[in-house]
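K.L.:
Structure supplied as my_file05.cif; contents: mmCIF, C-alpha atoms.
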```cif
data_work
loop_
_atom_site.group_PDB
_atom_site.id
_atom_site.type_symbol
_atom_site.label_atom_id
_atom_site.label_comp_id
_atom_site.auth_asym_id
_atom_site.auth_seq_id
_atom_site.Cartn_x
_atom_site.Cartn_y
_atom_site.Cartn_z
ATOM 1 C CA MET A 622 127.036 -45.027 62.831
ATOM 2 C CA SER A 623 128.865 -41.907 63.865
ATOM 3 C CA ALA A 624 128.558 -38.892 61.585
ATOM 4 C CA GLN A 625 131.696 -36.734 61.537
ATOM 5 C CA THR A 626 131.379 -33.000 61.018
ATOM 6 C CA PRO A 627 133.165 -31.582 57.908
ATOM 7 C CA THR A 628 135.764 -29.839 60.144
ATOM 8 C CA ALA A 629 136.555 -33.034 62.059
ATOM 9 C CA ASP A 630 136.726 -34.964 58.796
ATOM 10 C CA THR A 631 139.136 -32.407 57.269
ATOM 11 C CA ALA A 632 141.294 -32.448 60.416
ATOM 12 C CA SER A 633 141.506 -36.261 60.446
ATOM 13 C CA ARG A 634 142.387 -36.281 56.738
ATOM 14 C CA GLY A 635 145.098 -33.686 57.414
ATOM 15 C CA THR A 636 146.566 -35.837 60.203
ATOM 16 C CA ALA A 637 146.431 -38.922 57.960
ATOM 17 C CA ALA A 638 148.153 -36.997 55.165
ATOM 18 C CA ARG A 639 150.914 -35.846 57.589
ATOM 19 C CA TRP A 640 151.444 -39.454 58.780
ATOM 20 C CA ALA A 641 151.483 -40.698 55.189
ATOM 21 C CA LEU A 642 154.038 -38.026 54.211
ATOM 22 C CA ALA A 643 156.244 -38.905 57.211
ATOM 23 C CA ALA A 644 156.092 -42.599 56.241
ATOM 24 C CA LEU A 645 156.863 -41.803 52.605
ATOM 25 C CA ARG A 646 159.774 -39.441 53.390
ATOM 26 C CA PRO A 647 162.546 -42.058 52.845
ATOM 27 C CA MET A 648 160.926 -43.066 49.549
ATOM 28 C CA LEU A 649 160.623 -39.413 48.506
ATOM 29 C CA ALA A 650 164.322 -38.909 49.310
ATOM 30 C CA LEU A 651 165.103 -41.913 47.101
ATOM 31 C CA TYR A 652 162.848 -40.437 44.411
ATOM 32 C CA ASP A 653 164.742 -37.115 44.595
ATOM 33 C CA ALA A 654 168.013 -38.986 44.129
ATOM 34 C CA ARG A 655 166.712 -40.987 41.152
ATOM 35 C CA TRP A 656 168.995 -39.330 38.586
ATOM 36 C CA THR A 657 172.153 -39.329 40.727
ATOM 37 C CA LEU A 658 171.815 -42.556 42.707
ATOM 38 C CA LEU A 659 169.840 -44.993 40.546
ATOM 39 C CA PRO A 660 171.958 -45.150 37.324
ATOM 40 C CA PRO A 661 175.346 -45.983 38.972
ATOM 41 C CA LEU A 662 173.706 -48.289 41.532
ATOM 42 C CA THR A 663 171.789 -50.100 38.785
ATOM 43 C CA GLY A 664 174.909 -50.371 36.615
ATOM 44 C CA ALA A 665 176.964 -51.820 39.484
ATOM 45 C CA PHE A 666 174.301 -54.381 40.416
ATOM 46 C CA MET A 667 173.701 -55.377 36.765
ATOM 47 C CA LEU A 668 177.425 -55.977 36.298
ATOM 48 C CA ALA A 669 177.563 -58.004 39.523
ATOM 49 C CA MET A 670 174.531 -60.004 38.350
ATOM 50 C CA LEU A 671 176.167 -60.745 35.002
ATOM 51 C CA VAL A 672 179.393 -61.934 36.655
ATOM 52 C CA GLY A 673 177.405 -63.943 39.210
ATOM 53 C CA ALA A 674 175.189 -65.599 36.586
ATOM 54 C CA VAL A 675 177.933 -66.435 34.078
ATOM 55 C CA ILE A 676 180.962 -67.137 36.302
ATOM 56 C CA VAL A 677 180.149 -67.494 40.014
ATOM 57 C CA ALA A 678 176.988 -69.645 39.981
ATOM 58 C CA PRO A 679 177.697 -73.383 39.723
ATOM 59 C CA ARG A 680 176.814 -75.370 36.607
ATOM 60 C CA GLU A 681 173.479 -77.131 36.939
ATOM 61 C CA ALA A 682 173.960 -80.918 36.843
ATOM 62 C CA ILE A 683 171.023 -81.878 34.598
ATOM 63 C CA GLU A 684 170.312 -78.857 32.383
ATOM 64 C CA GLY A 685 173.923 -77.716 32.012
ATOM 65 C CA GLU A 686 175.021 -74.164 31.208
ATOM 66 C CA VAL A 687 171.716 -73.133 29.612
ATOM 67 C CA GLN A 688 170.147 -73.117 33.102
ATOM 68 C CA ARG A 689 171.972 -69.798 33.712
ATOM 69 C CA ILE A 690 169.179 -68.069 31.724
ATOM 70 C CA PHE A 691 167.172 -68.596 34.924
ATOM 71 C CA TYR A 692 169.166 -65.731 36.590
ATOM 72 C CA ILE A 693 167.692 -63.180 34.175
ATOM 73 C CA HIS A 694 164.374 -64.916 33.469
ATOM 74 C CA VAL A 695 163.034 -65.047 37.051
ATOM 75 C CA PRO A 696 164.118 -61.482 38.067
ATOM 76 C CA SER A 697 162.543 -60.137 34.835
ATOM 77 C CA ALA A 698 159.243 -61.774 35.795
ATOM 78 C CA ILE A 699 159.452 -60.332 39.335
ATOM 79 C CA ALA A 700 160.225 -56.851 37.916
ATOM 80 C CA ALA A 701 157.200 -57.134 35.609
ATOM 81 C CA TYR A 702 154.950 -58.028 38.583
ATOM 82 C CA LEU A 703 156.355 -55.054 40.506
ATOM 83 C CA CYS A 704 155.661 -52.690 37.589
ATOM 84 C CA PHE A 705 152.084 -53.952 37.271
ATOM 85 C CA PHE A 706 151.640 -53.488 41.035
ATOM 86 C CA VAL A 707 152.730 -49.847 40.554
ATOM 87 C CA VAL A 708 150.128 -49.564 37.740
ATOM 88 C CA PHE A 709 147.499 -51.034 40.104
ATOM 89 C CA VAL A 710 148.307 -48.592 42.955
ATOM 90 C CA ALA A 711 148.598 -45.574 40.619
ATOM 91 C CA SER A 712 145.281 -46.487 38.966
ATOM 92 C CA ILE A 713 143.522 -46.618 42.357
ATOM 93 C CA ALA A 714 145.124 -43.262 43.254
ATOM 94 C CA LEU A 715 143.938 -41.811 39.926
ATOM 95 C CA LEU A 716 140.352 -42.948 40.515
ATOM 96 C CA TRP A 717 140.514 -41.553 44.065
ATOM 97 C CA THR A 718 142.088 -38.169 43.315
ATOM 98 C CA ARG A 719 141.513 -37.649 39.542
ATOM 99 C CA ASN A 720 145.077 -36.310 39.429
ATOM 100 C CA LEU A 721 146.552 -37.083 35.985
ATOM 101 C CA ARG A 722 150.056 -37.338 37.460
ATOM 102 C CA PHE A 723 149.069 -40.861 38.611
ATOM 103 C CA ASP A 724 147.979 -41.674 35.060
ATOM 104 C CA ALA A 725 151.475 -40.729 33.830
ATOM 105 C CA VAL A 726 153.059 -42.996 36.470
ATOM 106 C CA ALA A 727 150.658 -45.854 35.587
ATOM 107 C CA ARG A 728 151.440 -45.563 31.865
ATOM 108 C CA ALA A 729 155.174 -45.447 32.554
ATOM 109 C CA ALA A 730 155.070 -48.515 34.821
ATOM 110 C CA ALA A 731 152.833 -50.408 32.350
ATOM 111 C CA SER A 732 155.297 -49.730 29.529
ATOM 112 C CA VAL A 733 158.248 -51.059 31.561
ATOM 113 C CA GLY A 734 156.117 -53.986 32.801
ATOM 114 C CA VAL A 735 155.294 -54.967 29.216
ATOM 115 C CA LEU A 736 159.016 -54.810 28.355
ATOM 116 C CA PHE A 737 159.950 -57.151 31.222
ATOM 117 C CA THR A 738 157.041 -59.522 30.484
ATOM 118 C CA ALA A 739 158.203 -59.741 26.851
ATOM 119 C CA LEU A 740 161.790 -60.397 28.038
ATOM 120 C CA THR A 741 160.504 -63.082 30.432
ATOM 121 C CA LEU A 742 158.622 -64.832 27.616
ATOM 122 C CA ALA A 743 161.561 -64.513 25.195
ATOM 123 C CA THR A 744 164.205 -65.834 27.625
ATOM 124 C CA GLY A 745 161.789 -68.591 28.720
ATOM 125 C CA ALA A 746 161.281 -69.667 25.099
ATOM 126 C CA ILE A 747 165.056 -69.744 24.496
ATOM 127 C CA TRP A 748 165.500 -71.935 27.597
ATOM 128 C CA GLY A 749 162.473 -74.082 26.618
ATOM 129 C CA LYS A 750 163.769 -75.074 23.182
ATOM 130 C CA PRO A 751 166.742 -77.176 24.384
ATOM 131 C CA ILE A 752 165.068 -78.364 27.608
ATOM 132 C CA TRP A 753 161.474 -79.069 26.471
ATOM 133 C CA GLY A 754 162.235 -79.443 22.763
ATOM 134 C CA VAL A 755 159.801 -76.660 21.792
ATOM 135 C CA TRP A 756 159.922 -72.847 21.807
ATOM 136 C CA TRP A 757 156.370 -72.556 23.112
ATOM 137 C CA ALA A 758 153.772 -74.766 24.816
ATOM 138 C CA TRP A 759 150.186 -73.804 25.696
ATOM 139 C CA ASP A 760 151.026 -74.429 29.318
ATOM 140 C CA ALA A 761 149.040 -72.645 32.090
ATOM 141 C CA ARG A 762 152.000 -70.501 33.257
ATOM 142 C CA LEU A 763 153.063 -69.504 29.736
ATOM 143 C CA THR A 764 149.537 -68.819 28.538
ATOM 144 C CA SER A 765 148.551 -66.752 31.586
ATOM 145 C CA THR A 766 151.801 -64.740 31.189
ATOM 146 C CA LEU A 767 150.985 -64.132 27.517
ATOM 147 C CA VAL A 768 147.496 -62.977 28.580
ATOM 148 C CA LEU A 769 149.168 -60.609 31.095
ATOM 149 C CA LEU A 770 151.316 -59.153 28.293
ATOM 150 C CA LEU A 771 148.259 -58.695 26.067
ATOM 151 C CA ILE A 772 146.208 -57.056 28.868
ATOM 152 C CA TYR A 773 148.806 -54.352 29.539
ATOM 153 C CA ALA A 774 149.734 -53.925 25.854
ATOM 154 C CA GLY A 775 145.999 -53.358 25.281
ATOM 155 C CA TYR A 776 145.929 -50.875 28.166
ATOM 156 C CA LEU A 777 148.841 -48.923 26.622
ATOM 157 C CA LEU A 778 147.240 -49.035 23.177
ATOM 158 C CA ALA A 779 143.873 -47.825 24.513
ATOM 159 C CA ARG A 780 145.578 -45.027 26.461
ATOM 160 C CA SER A 781 147.639 -43.935 23.433
ATOM 161 C CA LEU A 782 144.482 -43.629 21.316
ATOM 162 C CA SER A 783 143.072 -40.943 23.634
ATOM 163 C CA GLU A 784 144.429 -37.549 24.673
ATOM 164 C CA ARG A 785 146.871 -37.484 27.587
ATOM 165 C CA THR A 786 144.695 -34.854 29.300
ATOM 166 C CA ASP A 787 141.436 -36.805 28.840
ATOM 167 C CA VAL A 788 140.451 -37.581 32.458
ATOM 168 C CA GLN A 789 137.516 -39.797 31.463
ATOM 169 C CA ALA A 790 139.713 -41.980 29.207
ATOM 170 C CA ALA A 791 142.344 -42.151 31.963
ATOM 171 C CA ARG A 792 139.703 -43.345 34.443
ATOM 172 C CA TYR A 793 138.377 -46.049 32.085
ATOM 173 C CA ALA A 794 141.962 -47.204 31.458
ATOM 174 C CA ALA A 795 142.589 -47.241 35.240
ATOM 175 C CA VAL A 796 139.576 -49.528 35.788
ATOM 176 C CA PHE A 797 140.884 -51.828 33.016
ATOM 177 C CA ALA A 798 144.359 -51.878 34.631
ATOM 178 C CA ILE A 799 142.919 -52.703 38.076
ATOM 179 C CA ILE A 800 140.876 -55.597 36.654
ATOM 180 C CA GLY A 801 143.917 -56.738 34.629
ATOM 181 C CA PHE A 802 145.960 -57.021 37.823
ATOM 182 C CA VAL A 803 143.809 -60.051 38.776
ATOM 183 C CA ASP A 804 145.862 -62.039 36.229
ATOM 184 C CA ILE A 805 149.028 -61.766 38.349
ATOM 185 C CA PRO A 806 147.886 -64.123 41.153
ATOM 186 C CA ILE A 807 146.615 -66.456 38.408
ATOM 187 C CA VAL A 808 150.068 -66.435 36.730
ATOM 188 C CA ASN A 809 151.754 -66.953 40.081
ATOM 189 C CA LEU A 810 149.519 -69.781 41.288
ATOM 190 C CA SER A 811 149.034 -71.450 37.895
ATOM 191 C CA VAL A 812 151.857 -73.953 38.557
ATOM 192 C CA ARG A 813 150.066 -75.039 41.739
ATOM 193 C CA TRP A 814 146.503 -75.051 40.376
ATOM 194 C CA TRP A 815 147.187 -76.937 37.135
ATOM 195 C CA ARG A 816 149.603 -79.625 35.994
ATOM 196 C CA THR A 817 152.173 -77.661 33.982
ATOM 197 C CA LEU A 818 155.480 -78.125 32.201
ATOM 198 C CA HIS A 819 156.864 -75.052 33.970
ATOM 199 C CA PRO A 820 159.154 -75.755 36.963
ATOM 200 C CA ASP A 821 157.729 -75.318 40.480
ATOM 201 C CA PRO A 822 158.496 -72.165 42.498
ATOM 202 C CA ILE A 823 162.053 -72.188 43.818
ATOM 203 C CA VAL A 824 162.215 -69.249 46.214
ATOM 204 C CA THR A 825 158.789 -69.717 47.824
ATOM 205 C CA ARG A 826 159.065 -73.478 48.051
ATOM 206 C CA LEU A 827 156.302 -76.018 48.466
ATOM 207 C CA PRO A 828 156.812 -78.516 51.316
ATOM 208 C CA GLY A 829 158.748 -81.487 49.981
ATOM 209 C CA SER A 830 159.788 -79.799 46.732
ATOM 210 C CA GLN A 831 163.361 -79.414 45.491
ATOM 211 C CA THR A 832 165.441 -76.664 47.068
ATOM 212 C CA LEU A 833 167.895 -74.291 45.414
ATOM 213 C CA PRO A 834 171.535 -74.424 46.638
ATOM 214 C CA ASP A 835 172.615 -71.303 48.552
ATOM 215 C CA SER A 836 175.209 -70.286 45.906
ATOM 216 C CA MET A 837 172.481 -70.280 43.217
ATOM 217 C CA LEU A 838 169.982 -68.561 45.517
ATOM 218 C CA ALA A 839 172.506 -65.765 46.289
ATOM 219 C CA VAL A 840 173.026 -65.050 42.554
ATOM 220 C CA LEU A 841 169.266 -65.154 41.969
ATOM 221 C CA LEU A 842 168.644 -62.647 44.803
ATOM 222 C CA LEU A 843 171.415 -60.401 43.421
ATOM 223 C CA GLY A 844 169.679 -60.550 40.024
ATOM 224 C CA MET A 845 166.362 -59.639 41.616
ATOM 225 C CA VAL A 846 167.882 -56.553 43.274
ATOM 226 C CA ALA A 847 169.663 -55.549 40.034
ATOM 227 C CA ILE A 848 166.640 -55.900 37.763
ATOM 228 C CA THR A 849 164.288 -54.285 40.307
ATOM 229 C CA LEU A 850 166.613 -51.242 40.438
ATOM 230 C CA LEU A 851 166.730 -51.229 36.631
ATOM 231 C CA ALA A 852 162.935 -51.346 36.464
ATOM 232 C CA LEU A 853 162.642 -48.448 38.945
ATOM 233 C CA TRP A 854 165.095 -46.370 36.904
ATOM 234 C CA LEU A 855 163.248 -47.107 33.663
ATOM 235 C CA VAL A 856 159.888 -46.225 35.268
ATOM 236 C CA ALA A 857 161.394 -42.932 36.523
ATOM 237 C CA LEU A 858 162.746 -42.142 33.019
ATOM 238 C CA ARG A 859 159.478 -43.073 31.313
ATOM 239 C CA SER A 860 157.486 -41.014 33.873
ATOM 240 C CA GLU A 861 159.703 -38.039 33.046
ATOM 241 C CA VAL A 862 158.811 -38.429 29.346
ATOM 242 C CA GLU A 863 155.108 -38.599 30.257
ATOM 243 C CA GLN A 864 155.299 -35.516 32.528
ATOM 244 C CA ILE A 865 157.045 -33.486 29.796
ATOM 245 C CA GLY A 866 154.375 -34.720 27.355
ATOM 246 C CA VAL A 867 151.651 -33.416 29.699
ATOM 247 C CA ARG A 868 153.483 -30.058 29.881
ATOM 248 C CA SER A 869 153.575 -29.953 26.056
ATOM 249 C CA ASP A 870 149.799 -30.636 25.891
ATOM 250 C CA ASP A 871 149.158 -27.842 28.439
ATOM 251 C CA LEU A 872 151.263 -25.401 26.399
ATOM 252 C CA ARG A 873 149.434 -26.346 23.196
ATOM 253 C CA THR A 874 146.067 -25.768 24.892
ATOM 254 C CA GLU A 875 147.235 -22.375 26.197
ATOM 255 C CA ILE A 876 148.449 -21.297 22.725
ATOM 256 C CA ASP A 877 145.147 -22.417 21.143
ATOM 257 C CA ARG A 878 143.198 -20.491 23.812
ATOM 258 C CA ARG A 879 145.174 -17.293 23.199
ATOM 259 C CA GLU A 880 144.853 -17.585 19.438
ATOM 260 C CA ALA A 881 141.091 -18.137 19.762
ATOM 261 C CA GLN A 882 140.874 -15.078 22.073
ATOM 262 C CA ARG A 883 142.838 -12.926 19.611
ATOM 263 C CA SER A 884 140.818 -14.013 16.574
ATOM 264 C CA GLY A 885 137.605 -13.412 18.608
ATOM 265 C CA ALA A 886 138.781 -9.894 19.526
ATOM 266 C CA ALA A 887 139.741 -9.152 15.886
ATOM 267 C CA MET B 295 174.820 -81.026 26.699
ATOM 268 C CA ASP B 296 175.299 -77.404 27.682
ATOM 269 C CA PHE B 297 173.513 -75.656 24.766
ATOM 270 C CA LEU B 298 175.875 -72.693 25.034
ATOM 271 C CA GLU B 299 174.382 -71.119 21.905
ATOM 272 C CA PHE B 300 171.007 -70.934 23.664
ATOM 273 C CA LEU B 301 172.609 -69.415 26.762
ATOM 274 C CA PHE B 302 174.291 -66.802 24.556
ATOM 275 C CA ALA B 303 171.019 -66.163 22.682
ATOM 276 C CA GLY B 304 169.085 -65.728 25.958
ATOM 277 C CA PHE B 305 171.505 -63.140 27.336
ATOM 278 C CA ALA B 306 171.809 -61.407 23.935
ATOM 279 C CA VAL B 307 168.013 -61.042 23.615
ATOM 280 C CA PHE B 308 167.776 -59.680 27.171
ATOM 281 C CA TRP B 309 170.509 -57.041 26.730
ATOM 282 C CA ALA B 310 169.406 -56.132 23.191
ATOM 283 C CA GLY B 311 165.799 -55.648 24.410
ATOM 284 C CA LEU B 312 166.948 -53.334 27.198
ATOM 285 C CA PHE B 313 169.278 -51.426 24.889
ATOM 286 C CA VAL B 314 166.598 -50.876 22.225
ATOM 287 C CA TYR B 315 164.093 -49.748 24.882
ATOM 288 C CA LEU B 316 166.634 -47.266 26.329
ATOM 289 C CA LEU B 317 167.416 -45.878 22.857
ATOM 290 C CA TRP B 318 163.694 -45.479 22.120
ATOM 291 C CA LEU B 319 163.165 -43.801 25.506
ATOM 292 C CA GLN B 320 166.030 -41.383 24.894
ATOM 293 C CA ALA B 321 164.629 -40.502 21.450
ATOM 294 C CA ARG B 322 161.158 -39.908 22.968
ATOM 295 C CA LEU B 323 162.643 -37.751 25.746
ATOM 296 C CA ARG B 324 164.570 -35.588 23.270
ATOM 297 C CA SER B 325 161.540 -35.267 21.016
ATOM 298 C CA VAL B 326 159.178 -34.088 23.797
ATOM 299 C CA GLN B 327 161.848 -31.739 25.206
ATOM 300 C CA ARG B 328 162.261 -30.130 21.756
ATOM 301 C CA GLU B 329 158.471 -29.898 21.413
ATOM 302 C CA VAL B 330 158.123 -28.143 24.795
ATOM 303 C CA GLN B 331 160.929 -25.715 23.897
ATOM 304 C CA ARG B 332 159.260 -24.915 20.545
ATOM 305 C CA LEU B 333 155.869 -24.387 22.203
ATOM 306 C CA GLU B 334 157.361 -22.159 24.926
ATOM 307 C CA GLU B 335 158.961 -19.981 22.250
ATOM 308 C CA ARG B 336 155.656 -19.819 20.375
ATOM 309 C CA LEU B 337 153.805 -18.879 23.563
ATOM 310 C CA ALA B 338 156.358 -16.139 24.312
ATOM 311 C CA GLU B 339 155.907 -14.781 20.761
ATOM 312 C CA ALA B 340 152.115 -14.880 21.158
ATOM 313 C CA GLU B 341 152.405 -12.988 24.472
ATOM 314 C CA ALA B 342 154.655 -10.340 22.876
ATOM 315 C CA GLU B 343 152.245 -9.938 19.951
ATOM 316 C CA GLY B 344 149.318 -9.611 22.375
ATOM 317 C CA GLU B 345 151.108 -6.874 24.347
ATOM 318 C CA GLU B 346 151.944 -4.965 21.149
ATOM 319 C CA ALA B 347 148.322 -5.202 20.028
ATOM 320 C CA GLU B 348 147.173 -3.842 23.407
ATOM 321 C CA LYS B 349 149.620 -0.907 23.109
ATOM 322 C CA ASP B 350 148.390 -0.126 19.592
ATOM 323 C CA GLU B 351 144.802 -0.179 20.787
ATOM 324 C CA ALA B 352 145.633 2.181 23.690
ATOM 325 C CA GLN B 353 147.349 4.646 21.310
#
```
As structure tokens - that is how I would like this structure written.

P.N.:
Amino acid sequence: MSAQTPTADTASRGTAARWALAALRPMLALYDARWTLLPPLTGAFMLAMLVGAVIVAPREAIEGEVQRIFYIHVPSAIAAYLCFFVVFVASIALLWTRNLRFDAVARAAASVGVLFTALTLATGAIWGKPIWGVWWAWDARLTSTLVLLLIYAGYLLARSLSERTDVQAARYAAVFAIIGFVDIPIVNLSVRWWRTLHPDPIVTRLPGSQTLPDSMLAVLLLGMVAITLLALWLVALRSEVEQIGVRSDDLRTEIDRREAQRSGAA
Amino acid sequence: MDFLEFLFAGFAVFWAGLFVYLLWLQARLRSVQREVQRLEERLAEAEAEGEEAEKDEAQ
């Protein structure tokens, strides 16, 4: 084992940080443009998705028109996974750095992830009623998705019961969020591990399984881009609310400190 | 068998969910912005009072 001196360690960390910053520069530029670029881009893609899903995509031969729900159902699920991945990364960063800014990002992404998971379950149930004959079935995919919703709703509830500036509570919540992320591969692979009612994956196909026509796949990919952009915009908006909330807590603490000082002096 | 009412319901739930979430987010944003503004004013008042008290003590 080689033992690095503190100076060498600091220098290597500095170089790593510079490389990381250089790699993140395009993403930071996108982040800076989040209020000017994201809303019109999201609006344009959402409109294109709507037109694509309702008009352009061909009618499915067996399920009929109701199959078009698929163009909002699948992208919503993907957006939820993406949000929970952001929660996972931000939670690791919080445990590593103890910087509460990551907690704000994790809470924001969890909130948007819960929204998209709820929309996935709702649109799935509306599609399920005419196709399966029931609104809900205790199928592996549906149940594991419901568990995912409950995990992150629980995370948000637990975090809202403690102070925003409570580092210890934020760290416990981060550990919970990291463990909760394990459910995502379970949700994803549930249709392969167990016999389920839920259709097989369409984009990442199994050998020998049915394939999606290109016209349907194009609309689905458009929907994925649109809803991913929407999710990013919502996370940015929600993060802004959280950051302003942290600022309000800091101000309140400062006012309390000054008042305590003044009453002590009096 | 197209089940158009279910297609309409699916899209309506999706857009209504997004719309309600955006409205809630906007209300939260306005509320915290107002709170920060109120606290900043209170802090400025507290600072001014502190300075006056210091002047009085010096006199």

K.L.:
Determine the nearest neighbour of Ser712 of chain A from the options A:Ala791, A:Leu767, A:Ala729, A:Ile683, counting all atoms listed in the file.

P.N.:
A:Ala791

K.L.:
Starting from the displayed file, determine the output of the PyMOL selection byres ((chain B) within 9 of (chain A)) and express the residue list as a ChimeraX atom specification.

P.N.:
/B:295-305,307-308,311-312,315-316,319-320,322-324,326-327,329-331,333-334,336-337,340-341,344

K.L.:
Quick one, how far is atom CA of Tyr776 of chain A from atom CA of Ser860 of chain A?

P.N.:
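Here the two named atoms are 16.2 Å from each other.
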
K.L.:
Any idea what the distance is between atom CA of Ala700 of chain A and atom CA of Ala852 of chain A?

P.N.:
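Computed distance, atom CA of Ala700 of chain A to atom CA of Ala852 of chain A, equals 6.3 Å.
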
K.L.:
So how many Å separate atom CA of Met670 of chain A and atom CA of Leu842 of chain A, to one decimal?

P.N.:
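If I compute the distance from atom CA of Met670 of chain A to atom CA of Leu842 of chain A, I get 9.1 Å.
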
K.L.:
Pick out the closest residue to Leu833 of chain A from this set: A:Leu810, A:Ala678, A:Val735, A:Ala847. Count all atoms listed in the file.

P.N.:
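Ranked by minimum distance to Leu833 of chain A, first place goes to A:Ala678.
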
K.L.:
Under the PyMOL selection byres ((chain A and resi 796) around 12), which residues of this model are included? Write them out as a list in words.

P.N.:
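Applying the PyMOL selection byres ((chain A and resi 796) around 12) to the structure shown produces Val708, Phe709, Val710, Ala711, Ser712, Ile713, Ala714, Leu715, Leu716, Trp717, Asp724, Ala727, Tyr776, Arg780, Gln789, Ala790, Ala791, Arg792, Tyr793, Ala794, Ala795, Phe797, Ala798, Ile799, Ile800, Gly801, Phe802 and Val803 of chain A.
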
K.L.:
Using the file's own x, y and z axes, what box holds all listed atoms of segment 323-333 of chain B with 3 Å on each side, keeping edges along x, y and z, and what are its centre and edge lengths in Å to one decimal, as lines of an AutoDock Vina configuration file?

P.N.:
```
center_x = 160.2
center_y = -31.1
center_z = 23.1
size_x = 14.7
size_y = 19.4
size_z = 11.2
```

K.L.:
Enumerate, as a PyMOL selection string, the residues matched when the PyMOL selection byres ((chain A and resi 663) around 8) is run on the file above.

P.N.:
chain A and resi 659-662+664-667+847-848+850-851+854

K.L.:
Need to verify the contact set: Leu838 of chain A, 12 Å, all atoms listed in the file, exclusion of same-chain residues closer than 2 positions in sequence. Can you return it as a PyMOL selection string?

P.N.:
chain A and resi 673-674+677-679+691-692+695-696+823-825+832-836+840-845

K.L.:
Kindly indicate which residue among A:Arg813, A:Arg728, A:Arg722, A:His819 lies nearest to Ala774 of chain A, using all atoms listed in the file for the distances.

P.N.:
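Closest to Ala774 of chain A, using all atoms listed in the file: A:Arg728.
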